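Below is the file query_4.cif, which contains mmCIF, C-alpha atoms, pLDDT in the B column; chains and numbers go by the auth columns.
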data_model
loop_
_atom_site.group_PDB
_atom_site.id
_atom_site.type_symbol
_atom_site.label_atom_id
_atom_site.label_comp_id
_atom_site.label_asym_id
_atom_site.label_seq_id
_atom_site.Cartn_x
_atom_site.Cartn_y
_atom_site.Cartn_z
_atom_site.B_iso_or_equiv
_atom_site.auth_seq_id
_atom_site.auth_asym_id
ATOM 1 C CA MET A 1 0.000 0.000 0.000 41.00 683 Y
ATOM 2 C CA LYS A 2 2.801 2.329 0.981 42.00 684 Y
ATOM 3 C CA ASP A 3 4.764 1.446 -2.154 44.00 685 Y
ATOM 4 C CA SER A 4 1.860 2.060 -4.492 44.00 686 Y
ATOM 5 C CA SER A 5 1.184 5.505 -3.004 45.00 687 Y
ATOM 6 C CA LEU A 6 4.879 6.287 -3.417 44.00 688 Y
ATOM 7 C CA HIS A 7 4.660 5.361 -7.108 44.00 689 Y
ATOM 8 C CA GLU A 8 1.551 7.497 -7.496 44.00 690 Y
ATOM 9 C CA GLN A 9 3.415 10.430 -5.954 45.00 691 Y
ATOM 10 C CA ASP A 10 6.348 9.840 -8.319 44.00 692 Y
ATOM 11 C CA ALA A 11 4.006 9.769 -11.282 44.00 693 Y
ATOM 12 C CA GLU A 12 2.341 13.009 -10.202 45.00 694 Y
ATOM 13 C CA GLN A 13 5.611 14.850 -9.591 53.00 695 Y
ATOM 14 C CA PRO A 14 6.574 15.684 -13.214 52.00 696 Y
ATOM 15 C CA ASP A 15 3.044 16.905 -14.025 61.00 697 Y
ATOM 16 C CA SER A 16 2.842 19.244 -11.027 70.00 698 Y
ATOM 17 C CA ASN A 17 6.344 20.555 -11.778 72.00 699 Y
ATOM 18 C CA ALA A 18 5.351 21.238 -15.379 71.00 700 Y
ATOM 19 C CA VAL A 19 2.203 23.067 -14.228 75.00 701 Y
ATOM 20 C CA LYS A 20 4.225 25.143 -11.742 76.00 702 Y
ATOM 21 C CA ARG A 21 6.759 26.004 -14.469 74.00 703 Y
ATOM 22 C CA ALA A 22 4.007 26.942 -16.926 74.00 704 Y
ATOM 23 C CA LEU A 23 2.308 29.128 -14.287 76.00 705 Y
ATOM 24 C CA ARG A 24 5.590 30.869 -13.449 76.00 706 Y
ATOM 25 C CA SER A 25 6.234 31.460 -17.143 75.00 707 Y
ATOM 26 C CA PHE A 26 2.681 32.792 -17.627 77.00 708 Y
ATOM 27 C CA LYS A 27 3.034 35.208 -14.687 78.00 709 Y
ATOM 28 C CA LEU A 28 6.384 36.400 -16.047 77.00 710 Y
ATOM 29 C CA ASN A 29 4.907 36.967 -19.492 78.00 711 Y
ATOM 30 C CA ILE A 30 2.016 38.964 -18.020 81.00 712 Y
ATOM 31 C CA TRP A 31 4.486 41.037 -16.029 78.00 713 Y
ATOM 32 C CA LEU A 32 6.588 41.628 -19.157 77.00 714 Y
ATOM 33 C CA ALA A 33 3.513 42.711 -21.114 80.00 715 Y
ATOM 34 C CA VAL A 34 2.523 45.137 -18.331 80.00 716 Y
ATOM 35 C CA THR A 35 6.073 46.554 -18.132 77.00 717 Y
ATOM 36 C CA THR A 36 6.190 47.028 -21.891 78.00 718 Y
ATOM 37 C CA ALA A 37 2.791 48.771 -21.888 81.00 719 Y
ATOM 38 C CA VAL A 38 3.809 51.058 -18.990 78.00 720 Y
ATOM 39 C CA TYR A 39 7.063 51.905 -20.776 78.00 721 Y
ATOM 40 C CA GLY A 40 5.158 52.737 -23.958 79.00 722 Y
ATOM 41 C CA ALA A 41 2.886 55.042 -21.981 79.00 723 Y
ATOM 42 C CA THR A 42 5.810 56.799 -20.234 79.00 724 Y
ATOM 43 C CA LEU A 43 7.459 57.473 -23.615 77.00 725 Y
ATOM 44 C CA PHE A 44 4.425 59.576 -24.501 80.00 726 Y
ATOM 45 C CA GLY A 45 4.740 61.241 -21.091 79.00 727 Y
ATOM 46 C CA VAL A 46 8.359 62.222 -21.780 78.00 728 Y
ATOM 47 C CA ARG A 47 7.348 63.737 -25.128 79.00 729 Y
ATOM 48 C CA LEU A 48 4.465 65.659 -23.618 83.00 730 Y
ATOM 49 C CA HIS A 49 6.503 66.902 -20.629 81.00 731 Y
ATOM 50 C CA PRO A 50 9.993 67.975 -21.825 79.00 732 Y
ATOM 51 C CA ASP A 51 10.432 69.766 -18.452 83.00 733 Y
ATOM 52 C CA TRP A 52 10.869 66.442 -16.543 80.00 734 Y
ATOM 53 C CA SER A 53 14.244 66.080 -14.794 83.00 735 Y
ATOM 54 C CA PRO A 54 17.092 64.456 -16.801 83.00 736 Y
ATOM 55 C CA TRP A 55 17.473 61.740 -14.124 86.00 737 Y
ATOM 56 C CA LEU A 56 13.868 60.693 -14.562 81.00 738 Y
ATOM 57 C CA LYS A 57 14.346 60.658 -18.339 78.00 739 Y
ATOM 58 C CA ILE A 58 17.512 58.543 -18.019 81.00 740 Y
ATOM 59 C CA THR A 59 15.744 56.106 -15.667 80.00 741 Y
ATOM 60 C CA LEU A 60 12.845 55.808 -18.092 76.00 742 Y
ATOM 61 C CA ALA A 61 15.238 55.351 -21.028 74.00 743 Y
ATOM 62 C CA LEU A 62 16.995 52.493 -19.209 78.00 744 Y
ATOM 63 C CA THR A 63 13.755 50.811 -18.075 75.00 745 Y
ATOM 64 C CA PRO A 64 13.515 48.445 -21.088 72.00 746 Y
ATOM 65 C CA ILE A 65 16.818 46.779 -20.098 78.00 747 Y
ATOM 66 C CA LEU A 66 15.153 44.726 -17.332 75.00 748 Y
ATOM 67 C CA PRO A 67 12.261 43.316 -19.353 73.00 749 Y
ATOM 68 C CA GLY A 68 14.709 42.961 -22.263 76.00 750 Y
ATOM 69 C CA LEU A 69 16.922 40.677 -20.174 81.00 751 Y
ATOM 70 C CA LEU A 70 13.894 38.695 -19.041 78.00 752 Y
ATOM 71 C CA TYR A 71 12.750 38.329 -22.646 76.00 753 Y
ATOM 72 C CA LEU A 72 16.254 37.062 -23.470 81.00 754 Y
ATOM 73 C CA ARG A 73 16.060 34.578 -20.575 81.00 755 Y
ATOM 74 C CA ASN A 74 12.668 33.385 -21.788 77.00 756 Y
ATOM 75 C CA GLY A 75 14.014 32.985 -25.306 80.00 757 Y
ATOM 76 C CA LEU A 76 17.001 30.975 -24.093 83.00 758 Y
ATOM 77 C CA GLN A 77 14.709 28.740 -22.000 81.00 759 Y
ATOM 78 C CA LEU A 78 12.544 28.180 -25.057 81.00 760 Y
ATOM 79 C CA LEU A 79 15.644 27.313 -27.135 81.00 761 Y
ATOM 80 C CA ARG A 80 16.832 24.885 -24.444 83.00 762 Y
ATOM 81 C CA GLY A 81 13.450 23.166 -24.406 83.00 763 Y
ATOM 82 C CA LEU A 82 13.510 22.579 -28.158 87.00 764 Y
ATOM 83 C CA ASP A 83 14.164 19.282 -29.827 88.00 765 Y
ATOM 84 C CA GLU A 84 17.772 19.036 -31.131 91.00 766 Y
ATOM 85 C CA LEU A 85 16.847 19.423 -34.829 93.00 767 Y
ATOM 86 C CA GLN A 86 14.598 22.413 -34.085 92.00 768 Y
ATOM 87 C CA ARG A 87 17.444 23.950 -32.056 91.00 769 Y
ATOM 88 C CA ARG A 88 19.772 23.535 -35.030 93.00 770 Y
ATOM 89 C CA ILE A 89 17.165 25.071 -37.371 93.00 771 Y
ATOM 90 C CA GLN A 90 16.772 28.066 -35.031 92.00 772 Y
ATOM 91 C CA LEU A 91 20.530 28.562 -34.660 92.00 773 Y
ATOM 92 C CA GLU A 92 21.015 28.386 -38.451 94.00 774 Y
ATOM 93 C CA ALA A 93 18.154 30.856 -38.959 95.00 775 Y
ATOM 94 C CA TRP A 94 19.545 33.288 -36.356 94.00 776 Y
ATOM 95 C CA LEU A 95 23.035 33.098 -37.857 96.00 777 Y
ATOM 96 C CA PHE A 96 21.577 33.687 -41.331 96.00 778 Y
ATOM 97 C CA ALA A 97 19.564 36.649 -40.017 96.00 779 Y
ATOM 98 C CA ALA A 98 22.520 38.198 -38.154 96.00 780 Y
ATOM 99 C CA LEU A 99 24.978 37.848 -41.049 97.00 781 Y
ATOM 100 C CA GLY A 100 22.347 38.926 -43.572 96.00 782 Y
ATOM 101 C CA THR A 101 21.617 42.076 -41.555 95.00 783 Y
ATOM 102 C CA VAL A 102 25.349 42.908 -41.450 95.00 784 Y
ATOM 103 C CA VAL A 103 25.542 42.462 -45.247 96.00 785 Y
ATOM 104 C CA VAL A 104 22.412 44.583 -45.889 93.00 786 Y
ATOM 105 C CA GLY A 105 23.692 47.298 -43.502 91.00 787 Y
ATOM 106 C CA THR A 106 27.104 47.328 -45.205 92.00 788 Y
ATOM 107 C CA ILE A 107 25.540 47.578 -48.688 91.00 789 Y
ATOM 108 C CA ILE A 108 23.377 50.526 -47.565 89.00 790 Y
ATOM 109 C CA ASN A 109 26.410 52.269 -46.032 88.00 791 Y
ATOM 110 C CA VAL A 110 28.438 51.744 -49.232 89.00 792 Y
ATOM 111 C CA PHE A 111 25.557 53.233 -51.236 86.00 793 Y
ATOM 112 C CA ASN A 112 25.427 56.203 -48.857 86.00 794 Y
ATOM 113 C CA VAL A 113 29.188 56.806 -49.120 85.00 795 Y
ATOM 114 C CA HIS A 114 28.849 56.982 -52.909 83.00 796 Y
ATOM 115 C CA GLY A 115 25.768 59.167 -52.671 80.00 797 Y
ATOM 116 C CA LEU A 116 23.497 56.474 -54.091 78.00 798 Y
ATOM 117 C CA GLY A 117 21.353 55.982 -50.978 72.00 799 Y
ATOM 118 C CA GLY A 118 17.948 57.647 -50.899 73.00 800 Y
ATOM 119 C CA ASN A 119 16.748 60.030 -48.210 75.00 801 Y
ATOM 120 C CA ARG A 120 15.012 57.230 -46.321 75.00 802 Y
ATOM 121 C CA LEU A 121 18.222 55.303 -45.692 75.00 803 Y
ATOM 122 C CA ALA A 122 20.519 58.305 -45.221 76.00 804 Y
ATOM 123 C CA HIS A 123 21.390 57.122 -41.684 79.00 805 Y
ATOM 124 C CA GLY A 124 21.718 53.429 -42.514 79.00 806 Y
ATOM 125 C CA LEU A 125 19.259 50.821 -41.230 80.00 807 Y
ATOM 126 C CA GLU A 126 18.773 52.434 -37.780 80.00 808 Y
ATOM 127 C CA VAL A 127 17.311 50.441 -34.873 79.00 809 Y
ATOM 128 C CA GLY A 128 13.830 49.757 -36.284 83.00 810 Y
ATOM 129 C CA GLY A 129 15.178 48.837 -39.713 87.00 811 Y
ATOM 130 C CA THR A 130 17.777 46.518 -38.170 89.00 812 Y
ATOM 131 C CA TYR A 131 15.129 44.605 -36.168 89.00 813 Y
ATOM 132 C CA LEU A 132 12.786 44.444 -39.163 92.00 814 Y
ATOM 133 C CA THR A 133 15.533 43.197 -41.507 93.00 815 Y
ATOM 134 C CA MET A 134 16.640 40.659 -38.921 94.00 816 Y
ATOM 135 C CA PHE A 135 13.080 39.390 -38.409 94.00 817 Y
ATOM 136 C CA MET A 136 12.457 39.071 -42.160 96.00 818 Y
ATOM 137 C CA LEU A 137 15.764 37.243 -42.687 96.00 819 Y
ATOM 138 C CA TRP A 138 14.985 34.978 -39.698 95.00 820 Y
ATOM 139 C CA CYS A 139 11.676 34.007 -41.357 96.00 821 Y
ATOM 140 C CA VAL A 140 13.546 33.240 -44.593 96.00 822 Y
ATOM 141 C CA GLY A 141 16.197 31.283 -42.662 95.00 823 Y
ATOM 142 C CA VAL A 142 13.618 29.163 -40.799 94.00 824 Y
ATOM 143 C CA THR A 143 11.794 28.410 -44.069 95.00 825 Y
ATOM 144 C CA ILE A 144 15.022 27.393 -45.844 94.00 826 Y
ATOM 145 C CA ALA A 145 16.194 25.221 -42.917 92.00 827 Y
ATOM 146 C CA ASN A 146 12.764 23.544 -42.586 91.00 828 Y
ATOM 147 C CA CYS A 147 12.777 22.746 -46.318 91.00 829 Y
ATOM 148 C CA ARG A 148 16.276 21.286 -46.037 89.00 830 Y
ATOM 149 C CA TYR A 149 15.391 18.928 -43.179 87.00 831 Y
ATOM 150 C CA ARG A 150 11.878 18.066 -44.351 82.00 832 Y
ATOM 151 C CA MET B 1 26.089 9.005 -42.381 85.00 719 U
ATOM 152 C CA LYS B 2 24.143 5.860 -43.301 91.00 720 U
ATOM 153 C CA ASN B 3 21.730 4.334 -40.798 93.00 721 U
ATOM 154 C CA ARG B 4 19.263 1.461 -40.366 93.00 722 U
ATOM 155 C CA LEU B 5 16.691 3.423 -38.399 94.00 723 U
ATOM 156 C CA ARG B 6 13.864 3.026 -40.942 94.00 724 U
ATOM 157 C CA GLU B 7 14.540 -0.729 -41.154 94.00 725 U
ATOM 158 C CA LEU B 8 14.591 -1.183 -37.360 95.00 726 U
ATOM 159 C CA ARG B 9 11.456 0.898 -36.962 95.00 727 U
ATOM 160 C CA ALA B 10 9.655 -1.105 -39.660 94.00 728 U
ATOM 161 C CA GLU B 11 10.597 -4.378 -37.914 93.00 729 U
ATOM 162 C CA ARG B 12 8.752 -3.175 -34.810 94.00 730 U
ATOM 163 C CA GLN B 13 5.913 -1.668 -36.846 94.00 731 U
ATOM 164 C CA TRP B 14 6.293 1.698 -35.189 94.00 732 U
ATOM 165 C CA SER B 15 5.302 4.900 -36.915 95.00 733 U
ATOM 166 C CA GLN B 16 7.743 7.824 -37.043 94.00 734 U
ATOM 167 C CA GLY B 17 5.549 9.595 -34.502 94.00 735 U
ATOM 168 C CA GLU B 18 5.659 6.654 -32.080 94.00 736 U
ATOM 169 C CA LEU B 19 9.435 6.391 -32.348 95.00 737 U
ATOM 170 C CA ALA B 20 9.759 10.148 -31.881 94.00 738 U
ATOM 171 C CA GLU B 21 7.665 9.938 -28.713 94.00 739 U
ATOM 172 C CA LYS B 22 9.781 7.091 -27.316 94.00 740 U
ATOM 173 C CA LEU B 23 12.970 9.075 -27.964 94.00 741 U
ATOM 174 C CA GLY B 24 11.588 12.426 -26.812 92.00 742 U
ATOM 175 C CA VAL B 25 12.210 14.205 -30.114 93.00 743 U
ATOM 176 C CA SER B 26 10.008 15.545 -32.918 91.00 744 U
ATOM 177 C CA ARG B 27 8.742 13.461 -35.855 93.00 745 U
ATOM 178 C CA GLN B 28 10.665 15.826 -38.135 93.00 746 U
ATOM 179 C CA THR B 29 13.910 14.744 -36.428 94.00 747 U
ATOM 180 C CA ILE B 30 13.174 11.056 -37.022 95.00 748 U
ATOM 181 C CA ASN B 31 12.338 11.746 -40.664 94.00 749 U
ATOM 182 C CA ALA B 32 15.500 13.826 -41.148 94.00 750 U
ATOM 183 C CA ILE B 33 17.648 11.035 -39.623 95.00 751 U
ATOM 184 C CA GLU B 34 15.978 8.323 -41.727 95.00 752 U
ATOM 185 C CA THR B 35 16.434 10.289 -44.935 93.00 753 U
ATOM 186 C CA GLU B 36 20.063 10.920 -43.899 91.00 754 U
ATOM 187 C CA LYS B 37 19.667 14.695 -44.002 92.00 755 U
ATOM 188 C CA TYR B 38 20.591 15.033 -40.339 92.00 756 U
ATOM 189 C CA ASP B 39 23.060 13.170 -38.142 93.00 757 U
ATOM 190 C CA PRO B 40 21.831 12.800 -34.551 94.00 758 U
ATOM 191 C CA SER B 41 23.823 14.016 -31.559 93.00 759 U
ATOM 192 C CA LEU B 42 25.795 11.415 -29.599 94.00 760 U
ATOM 193 C CA PRO B 43 23.264 11.320 -26.695 94.00 761 U
ATOM 194 C CA LEU B 44 20.400 10.735 -29.158 95.00 762 U
ATOM 195 C CA ALA B 45 22.398 8.050 -30.998 95.00 763 U
ATOM 196 C CA PHE B 46 22.968 6.271 -27.654 95.00 764 U
ATOM 197 C CA LYS B 47 19.250 6.565 -26.867 95.00 765 U
ATOM 198 C CA ILE B 48 18.439 4.968 -30.240 96.00 766 U
ATOM 199 C CA GLY B 49 20.952 2.193 -29.580 95.00 767 U
ATOM 200 C CA LEU B 50 19.441 1.536 -26.147 95.00 768 U
ATOM 201 C CA LEU B 51 15.897 1.523 -27.505 95.00 769 U
ATOM 202 C CA PHE B 52 16.708 -0.998 -30.234 95.00 770 U
ATOM 203 C CA LYS B 53 19.119 -2.899 -27.932 94.00 771 U
ATOM 204 C CA GLN B 54 21.935 -2.672 -30.460 93.00 772 U
ATOM 205 C CA PRO B 55 25.367 -1.004 -30.394 94.00 773 U
ATOM 206 C CA ILE B 56 25.559 2.337 -32.181 93.00 774 U
ATOM 207 C CA GLU B 57 27.929 1.014 -34.873 93.00 775 U
ATOM 208 C CA ARG B 58 25.310 -1.520 -35.953 93.00 776 U
ATOM 209 C CA ILE B 59 22.766 1.245 -36.507 94.00 777 U
ATOM 210 C CA PHE B 60 24.968 4.041 -37.837 93.00 778 U
ATOM 211 C CA ALA B 61 27.836 3.664 -40.293 91.00 779 U
ATOM 212 C CA PRO B 62 30.004 6.286 -42.004 87.00 780 U
ATOM 213 C CA GLU B 63 29.545 6.844 -45.731 77.00 781 U
ATOM 214 C CA ALA B 64 31.795 4.542 -47.783 66.00 782 U
#
Once more with this new file: its structure as structure tokens, please.
Amino acid sequence: MKDSSLHEQDAEQPDSNAVKRALRSFKLNIWLAVTTAVYGATLFGVRLHPDWSPWLKITLALTPILPGLLYLRNGLQLLRGLDELQRRIQLEAWLFAALGTVVVGTIINVFNVHGLGGNRLAHGLEVGGTYLTMFMLWCVGVTIANCRYR
Amino acid sequence: MKNRLRELRAERQWSQGELAEKLGVSRQTINAIETEKYDPSLPLAFKIGLLFKQPIERIFAPEA
């Protein structure tokens, strides 16, 4: 009787751990969403109130670092939980995206040096353009890698 | 790398999905190994050897 209850406990353990982990992850994601929303709102505040103290502005500017690190941690946990082929596909896609972004950025800079770049790309890719290019190249990379291992 | 995974799986009449579940990987991984598009990691190769009760070198062989 004692043994069977012990086995039942053992069988229940992984499930309850998985539920706890999922709950923790859910809470963290909610918190991240709230932080991101609050940060978005404060950006408008800074624009509307240029008289705010520089220290407050600096603190607000640095706020995204914390949720950014947590997003990174979440991403790494997700990568660790992947199956080994999926992990390889993701790493190949990220490498493709990173190198592709460097190449695109370099081409735009070369165009700008020779005066061939348009007004839109006068300052290179900038932050938004870099993320967008990286995301698009990541999508292409994942598609190519999935086709290769299909 | 050549392998006998498809043959061993067929002997036991397991689907790719069933084998994937037993090994704790995705069906895509099993398919990629069987079609020799992907070489498994050493821990996964050992898992496969243990599951089929055969040494790794009898399942996987280098290309001639």
Go through chain Y and flag each residue having an atom no more than 9 Å from chain U; for those, report the closest pair of atoms plus their distance in Å to one decimal, using only C-alpha atoms, ordered by chain and rising number, as CSV.
residue,atom,partner,partner_atom,distance
Y:Leu764,CA,U:Val743,CA,8.7
Y:Asp765,CA,U:Val743,CA,5.4
Y:Glu766,CA,U:Val743,CA,7.4
Y:Leu767,CA,U:Thr747,CA,5.8
Y:Gln768,CA,U:Thr747,CA,8.0
Y:Arg830,CA,U:Lys755,CA,7.7
Y:Tyr831,CA,U:Ala750,CA,5.5
Y:Arg832,CA,U:Ala750,CA,6.4
Between CA of Leu760 in chain U and CA of Arg762 in chain Y, distance in Å (one decimal) =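 Atom-to-atom, CA of Leu760 in chain U to CA of Arg762 in chain Y, that is 17.0 Å.
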Please enclose the listed atoms of range 756-765 of chain U in an axis-aligned box, pad each side by 6 Å, and write out the centre and the three edge lengths in Å, rounded to one decimal, as AutoDock Vina command-line options.
--center_x 22.5 --center_y 10.7 --center_z -33.5 --size_x 18.5 --size_y 20.8 --size_z 25.6
message = Expand the PyMOL selection byres ((chain U and resi 722) around 9) into the explicit residue set it covers here, and present it as a ChimeraX atom specification.
response = /U:720-721,723-727,752,776-779
key: Two-atom distance - CA of Leu769 in chain U, CA of Arg769 in chain Y (Å)   =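 If I compute the distance from CA of Leu769 in chain U to CA of Arg769 in chain Y, I get 22.9 Å.
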message = Nearest residue to Lys765 in chain U out of U:Met719, U:Gly735, U:Lys740, U:Arg730, using only C-alpha atoms?
response =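 Looking only at the distances to Lys765 in chain U, the closest residue turns out to be U:Lys740.
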key: Two-atom distance - CA of Leu751 in chain Y, CA of Ile712 in chain Y (Å)   =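 CA of Leu751 in chain Y sits 15.2 Å away from CA of Ile712 in chain Y.
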